[in-house]
Amino acid sequence: MRFSLLAFVRRNLGITLILVAFAVLGVLYSVVNPLAEAPDEDWHYDYVKYVADGRGLPVLHDDASKNIVHGTVGHHPPLYYGLSALLTFWINTDDADSLLWDNPHFLAGMPHSFGNKNRIIHTDAEAFPYRGTALAMHIVRLLSVLFSGITVLATYLIALEIFPEWKSLALGAAALNAFNPQFLFIGARISNDTAVTAFSALVLLGTVRLLKRGATRGRLIWLGVTLGLALLSKISALALLPLVAVGLVIRAIRQRSFASLVKWGLVVFSLAFLIGWWPYLRNWLLYRDPLATNVWLATVRLRWPTPSLKELSEEFWGLEISFWAVFGWMNILVHEVIYQSLAAMTRLAALGLLLLIVRQWRRTTHHAPRTTHHAPHTTSPPLDGPAQLGLLLLGLWFALVFISLLRFMQIQFGAQGRYLFPAIPAISIFILLGLNQFVPQRYSGVLGGVVGGALFLLAALCPFVYIAPAYARPPIIAAEDIPAEAHRLDINFGDKIRLLACQLDKGVVKRGDPLRVTLYWQPLAEMEQDYNVFIHVLGRDEQVIAQEDTYPGMGSYPTSLWPVGGVIKDAYGMYVLPESKAPSRFRVEVGVYDRSTGEVLPASDRDGHPLHGVTVAQGKVTTRQEPHYSGGTPVAFDLALVPARGGFAIHHQVSLTGYKIDKTEVKAGETIKVALYWRAQKKMEEDYTVFVHLVDEEGTIWGQHDGQPVNGYYPTSFWDQGEIVKDKHAFVVSEDTPPGEYRIEVGMYRPADGQRLAIVDQDGQVLDDKALLSKIVIK
């Protein structure tokens with residue numbers, strides 16, 4: 001009988017559409033995601049290139065500096081790398097070193113960082129039409145997409161094998177697998193993970209089929225061959241051995257034939273051994289360990305002390321979200337709402353599986369009669385023996401993968417959802433099966449369509465909304481397009497770069513909050529050197545409360561790539577330290593230097609005068625809670641300090657609402673500490689100086705401290721209307737102060753001319769130019 005592709009597509013239209021959509025999305029992810037911007041992709045490509053260049057198989061050394069193939073993949077079985085080499089050996093890849101240009105400021109596994117998410121510096125050499133190394137890497141990525149498509153098809157066939165009359169569930173599970181954004185992202189990267197995931201899915205399919213339909217020669221050969229290919233793909237495929245063994249044992253028990261078990265085992269494991277044995281023998285000859293674990297442990301960063309299961313459970317949220325969507329080198333997140341929605345779906349599915357178990361237990365204990373047809377208004381059909389065994393096998397495989405991952409996480413930091421992908425057929429089927437417990441079976445197709453459609457939409461958006469923007473270079477604009485609100489500077493750095501302007505996204509920032517600084521650079525000449533930019537945000541006591549030190553473009557745009565002409569709009573993001581002293585004024589200091597030598601480019605203003613410490617902007621940092629006054633000496637007044645002479649300020653600018661004094665009895669020569677609580681009645685334009693004096697009855701000063709609020713780091717012009725400021729002062733009582741009673745007086749004055757602000761009452765009548773606080777006794 002002649003095979004008809006059109007007839008096949010008509011009979012299998014649902015899964016055909018899913019596979020076509022997956023292929024389109026897979027190509028999209030492989031194109032949009034820049035090269036080497038996925039976990040270990042550059043390592044895996046090193047392996048491919050090593051084989052394609054005709055150098056044989058690499059050797060993993062316990063001294064990482066000796067590894068020609070970077071990373072820790074040199075001991076892996078070679079199937080994936082050999083196939084990739086066959087596809088790309090004809091391409092000249094001598095440009096690999098220049099194409100894979102390391103970013104020295106790269107931040108892996110730090111998703112909340114604002115930049116430096118790029119593992120390498122990306123240039124036009126990666127652009128389409130591809131050539132050289134870029135072409136080779138994209139071809140290998142397409143091979144990965146092919147392997148991942150096999151996994152999607154296997155998920156559909158496994159579900160259909162367990163539930164032959166429930167095609168909508170099989171389609172829903174395949175769609176959930178296919179349109180999982182993380183599966184697409186990992187499935188479009190260079191890695192042997194895609195191969196071992198595909199062959200694991202085929203082994204799982206073969207085991208389920210053998211368990212349900214019986215052991216024929218064809219099924220045993222299928223199982224042996226796919227198991228051998230899995231072992232030839234990655235060492236982690238060894239976890240398939242107990243899975244296949246359990247499947248064979250269960251089938252032999254059902255047939256009550258121990259002899260059959262021995263025969264089947266010989267066929268399956270002999271085939272697997274014949275195909276996949278030799279990389280493990282090679283490891284034994286090279287490392288005296290078939291798994292090369294001894295050398296691998298010597299090259300990875302081990303966790304110490306080994307975390308307990310309870311401690312590992314604290315990493316499960318990261319494991320869960322990275323199963324769905326954490327891109328780049330585990331440093332690009334999607335919106336939190338998406339994670340919460342996917343988590344809710346997963347937990348609802350888990351609850352549904354519990355309901356299914358309870359219902360099945362009730363059916364079993366009440367010996368419900370077996371029915372051939374299932375009423376469409378109920379949630380799911382009763383599970384017959386083969387279906388139960390199939391689900392049990394899926395659960396066993398998930399457990400084996402999960403336990404292996406937990407052990408891996410105890411050895412090194414590895415809470416990455418991609419390590420669960422060999423079990424993604426089981427996970428997808430379980431999620432759809434669990435969700436189906438809450439809808440009538442006749443709506444199962446609608447449920448699968450909603451879940452699959454939502455994931456498809458998310459998967460289609462992620463490359464453009466999250467992945468591509470993370471690697472985008474800063475835009476080049478015309479000088480006249482610099483916003484009017486940006487602070488003009490015109491600072492020259494070594495006659496190479498001119499900083500035209502600076503702009504803060506906010507003038508007031510709370511401790512722990514993000515701050516964005518946008519710099520407008522103008523290249524003055526072509527540069528061969530890649531200069532670093534440092535941005536220091538200095539708060540109270542010149543404490544660095546936020547900083548960034550990086551290539552421009554937050555790591556994406558080194559200066560050697562800058563074209564002369566135009567203005568580069570370069571945005572930097574950083575978090576203000578939660579422990580920053582606040583409230584306080586802050587200033588932003590910027591510099592440019594050569595990272596290789598540490599030499600700072602000299603800065604000068606527009607008139608050519610040298611600058612030391614280039615301050616480009618200022619703002620203020622505040623606390624999340626206003627200072628609270630309680631205890632101490634009660635204050636029965638709300639004084640407003642205003643200028644005694646009108647004409648330069650508005651009445652009721654600031655009020656003193658409370659104070660604290662650390663001691664009321666002291667000796668001459670001792671220190672008195674005073675905390676004043678000010679409330680800004682209006683927004684003040686001037687910076688007033690606070691005075692705190694110890695005076696006798698004649699007004700003679702025996703101790704004092706004059707200074708702008710908060711040691712000069714929070715001038716009054718930075719205060720917002722209604723803001724409460726805690727202002728600490730300390731002074732030493734003069735050594736020759738005679739014993740007796742004294743008073744502390746406080747107030748404010750304008751430093752330019754010494755003009756004090758006067759105390760007025762509610763009617764605006766001037767009462768005094770100082771406030772008298774507690775009595776102080778000098779012993």
# chains A, B, ... in the order shown; residues from 1 in each chain; ligands from 1
>>> residues_around(residues="stretch 130-146 of chain A", least_positions_apart="3", cutoff="8 Å", atoms="only C-alpha atoms", output="PyMOL selection string")
chain A and resi 23+26-27+30-31+35+45+84+87-88+91-96+99+125-127+149-150+187-191+194-195
>>> write_last_selection(atoms="N, CA, C and O atoms", output="short mmCIF file (atom, residue, chain, number, x, y, z; two decimals), in the first residue's frame")
data_model
loop_
_atom_site.label_atom_id
_atom_site.label_comp_id
_atom_site.auth_asym_id
_atom_site.auth_seq_id
_atom_site.Cartn_x
_atom_site.Cartn_y
_atom_site.Cartn_z
N ALA A 23 7.87 23.66 15.19
CA ALA A 23 9.03 23.87 14.32
C ALA A 23 9.22 25.36 14.03
O ALA A 23 10.36 25.86 14.05
N GLY A 26 10.49 26.92 17.20
CA GLY A 26 11.85 26.48 17.45
C GLY A 26 12.86 27.24 16.60
O GLY A 26 13.91 27.67 17.09
N VAL A 27 12.54 27.43 15.31
CA VAL A 27 13.41 28.22 14.44
C VAL A 27 13.47 29.66 14.92
O VAL A 27 14.53 30.30 14.92
N SER A 30 15.79 29.86 17.84
CA SER A 30 17.18 29.67 17.44
C SER A 30 17.74 30.90 16.74
O SER A 30 18.95 31.15 16.81
N VAL A 31 16.88 31.68 16.09
CA VAL A 31 17.32 32.88 15.38
C VAL A 31 17.39 34.08 16.31
O VAL A 31 18.36 34.85 16.29
N LEU A 35 23.90 33.91 19.80
CA LEU A 35 24.75 32.74 19.96
C LEU A 35 25.40 32.72 21.34
O LEU A 35 25.78 33.75 21.89
N TYR A 45 29.43 23.72 21.84
CA TYR A 45 29.91 23.97 20.48
C TYR A 45 31.41 23.71 20.38
O TYR A 45 31.89 23.25 19.34
N SER A 84 26.41 16.47 14.87
CA SER A 84 26.59 17.90 14.60
C SER A 84 27.83 18.13 13.74
O SER A 84 27.83 18.97 12.84
N LEU A 87 27.25 17.45 10.11
CA LEU A 87 26.47 18.50 9.45
C LEU A 87 27.29 19.75 9.19
O LEU A 87 26.92 20.57 8.34
N THR A 88 28.40 19.93 9.89
CA THR A 88 29.10 21.23 9.82
C THR A 88 30.58 21.13 9.49
O THR A 88 31.25 22.16 9.41
N ILE A 91 32.29 23.52 6.93
CA ILE A 91 32.27 24.97 7.12
C ILE A 91 33.58 25.42 7.75
O ILE A 91 34.06 24.81 8.71
N ASN A 92 34.15 26.50 7.24
CA ASN A 92 35.36 27.08 7.82
C ASN A 92 34.98 27.86 9.07
O ASN A 92 34.30 28.89 8.99
N THR A 93 35.41 27.37 10.21
CA THR A 93 35.05 27.99 11.50
C THR A 93 36.26 28.58 12.20
O THR A 93 36.33 28.61 13.43
N ASP A 94 37.23 29.06 11.41
CA ASP A 94 38.43 29.65 12.02
C ASP A 94 38.12 30.95 12.76
O ASP A 94 38.96 31.45 13.51
N ASP A 95 36.94 31.51 12.52
CA ASP A 95 36.57 32.77 13.19
C ASP A 95 35.93 32.54 14.56
O ASP A 95 35.40 33.48 15.15
N ALA A 96 35.98 31.30 15.06
CA ALA A 96 35.27 30.98 16.31
C ALA A 96 35.77 31.83 17.48
O ALA A 96 34.97 32.36 18.26
N LEU A 99 34.56 35.40 17.14
CA LEU A 99 33.11 35.50 17.24
C LEU A 99 32.66 35.35 18.69
O LEU A 99 31.80 36.10 19.17
N ALA A 125 29.03 40.05 12.94
CA ALA A 125 29.47 38.76 12.40
C ALA A 125 28.43 37.67 12.61
O ALA A 125 28.46 36.63 11.95
N GLU A 126 27.49 37.91 13.54
CA GLU A 126 26.41 36.94 13.77
C GLU A 126 25.21 37.16 12.87
O GLU A 126 24.28 36.36 12.86
N ALA A 127 25.20 38.27 12.13
CA ALA A 127 24.00 38.66 11.39
C ALA A 127 23.77 37.75 10.18
O ALA A 127 24.69 37.11 9.65
N GLY A 149 11.53 18.19 18.57
CA GLY A 149 10.27 17.82 17.92
C GLY A 149 9.95 16.35 18.10
O GLY A 149 8.78 15.96 18.26
N ILE A 150 10.98 15.51 18.09
CA ILE A 150 10.78 14.08 18.35
C ILE A 150 10.21 13.87 19.74
O ILE A 150 9.32 13.03 19.97
N GLY A 187 15.46 23.71 23.74
CA GLY A 187 15.42 22.84 22.57
C GLY A 187 15.98 23.47 21.32
O GLY A 187 16.16 22.79 20.31
N ALA A 188 16.26 24.78 21.36
CA ALA A 188 16.84 25.45 20.21
C ALA A 188 18.27 25.89 20.50
O ALA A 188 18.78 26.82 19.89
N ARG A 189 18.92 25.24 21.45
CA ARG A 189 20.30 25.56 21.80
C ARG A 189 21.19 24.37 21.49
O ARG A 189 20.72 23.23 21.38
N ILE A 190 22.47 24.60 21.35
CA ILE A 190 23.42 23.53 21.10
C ILE A 190 23.69 22.80 22.41
O ILE A 190 24.27 23.37 23.33
N SER A 191 23.24 21.57 22.50
CA SER A 191 23.44 20.78 23.70
C SER A 191 23.00 19.35 23.47
O SER A 191 22.00 19.10 22.78
N THR A 194 19.16 17.88 24.28
CA THR A 194 18.04 17.65 23.36
C THR A 194 18.03 16.21 22.86
O THR A 194 16.97 15.60 22.70
N ALA A 195 19.21 15.65 22.64
CA ALA A 195 19.29 14.27 22.16
C ALA A 195 18.86 13.28 23.24
O ALA A 195 18.05 12.37 22.99
#
>>> closest_residue(among="A:Pro34, A:Pro382, A:Gly591, A:Pro475", to="A:Asn492", atoms="only C-alpha atoms")
A:Gly591
>>> residues_around(residues="A:Ala680", least_positions_apart="4", cutoff="10 Å", atoms="only C-alpha atoms", output="list in words")
Ala640, His652, Gln653, Val654, Ser655, Leu656, Met684, Thr716, Ser717, Trp719, Asp720, Gln721, Gly722, Glu723, Ile724 and Val725 of chain A
>>> write_last_selection(atoms="N, CA and C atoms", output="mmCIF file, in the first residue's frame")
data_model
loop_
_atom_site.group_PDB
_atom_site.id
_atom_site.type_symbol
_atom_site.label_atom_id
_atom_site.label_comp_id
_atom_site.auth_asym_id
_atom_site.auth_seq_id
_atom_site.Cartn_x
_atom_site.Cartn_y
_atom_site.Cartn_z
ATOM 1 N N ALA A 640 7.102 76.943 64.112
ATOM 2 C CA ALA A 640 7.420 77.128 62.702
ATOM 3 C C ALA A 640 8.533 78.134 62.600
ATOM 4 N N HIS A 652 6.072 79.592 57.736
ATOM 5 C CA HIS A 652 5.869 78.193 58.122
ATOM 6 C C HIS A 652 6.588 77.239 57.169
ATOM 7 N N GLN A 653 7.895 77.447 57.044
ATOM 8 C CA GLN A 653 8.666 76.554 56.174
ATOM 9 C C GLN A 653 8.953 75.225 56.838
ATOM 10 N N VAL A 654 9.293 75.246 58.129
ATOM 11 C CA VAL A 654 9.697 74.025 58.803
ATOM 12 C C VAL A 654 9.276 74.113 60.253
ATOM 13 N N SER A 655 8.944 73.010 60.834
ATOM 14 C CA SER A 655 8.565 72.990 62.245
ATOM 15 C C SER A 655 9.378 71.942 62.979
ATOM 16 N N LEU A 656 9.670 72.240 64.231
ATOM 17 C CA LEU A 656 10.370 71.310 65.107
ATOM 18 C C LEU A 656 9.312 70.569 65.912
ATOM 19 N N MET A 684 11.406 73.822 50.430
ATOM 20 C CA MET A 684 12.347 74.925 50.620
ATOM 21 C C MET A 684 13.342 74.987 49.462
ATOM 22 N N THR A 716 18.290 71.183 53.480
ATOM 23 C CA THR A 716 16.842 71.453 53.541
ATOM 24 C C THR A 716 16.210 71.583 52.165
ATOM 25 N N SER A 717 16.972 71.946 51.140
ATOM 26 C CA SER A 717 16.389 72.062 49.799
ATOM 27 C C SER A 717 15.977 70.711 49.242
ATOM 28 N N TRP A 719 14.327 68.463 51.129
ATOM 29 C CA TRP A 719 13.196 67.972 51.904
ATOM 30 C C TRP A 719 11.896 68.169 51.134
ATOM 31 N N ASP A 720 11.031 67.180 51.206
ATOM 32 C CA ASP A 720 9.695 67.298 50.602
ATOM 33 C C ASP A 720 8.708 67.831 51.633
ATOM 34 N N GLN A 721 7.683 68.455 51.128
ATOM 35 C CA GLN A 721 6.649 68.974 52.027
ATOM 36 C C GLN A 721 6.024 67.830 52.831
ATOM 37 N N GLY A 722 5.958 68.031 54.152
ATOM 38 C CA GLY A 722 5.391 67.018 55.029
ATOM 39 C C GLY A 722 6.379 65.975 55.498
ATOM 40 N N GLU A 723 7.584 65.983 54.970
ATOM 41 C CA GLU A 723 8.584 64.977 55.337
ATOM 42 C C GLU A 723 9.129 65.245 56.737
ATOM 43 N N ILE A 724 9.329 64.183 57.504
ATOM 44 C CA ILE A 724 9.933 64.278 58.826
ATOM 45 C C ILE A 724 11.384 63.824 58.720
ATOM 46 N N VAL A 725 12.295 64.637 59.245
ATOM 47 C CA VAL A 725 13.728 64.359 59.150
ATOM 48 C C VAL A 725 14.306 64.268 60.554
#
>>> atom_distance(atom1="atom CA of A:Phe421", atom2="atom CA of A:Asp289")
26.5 Å
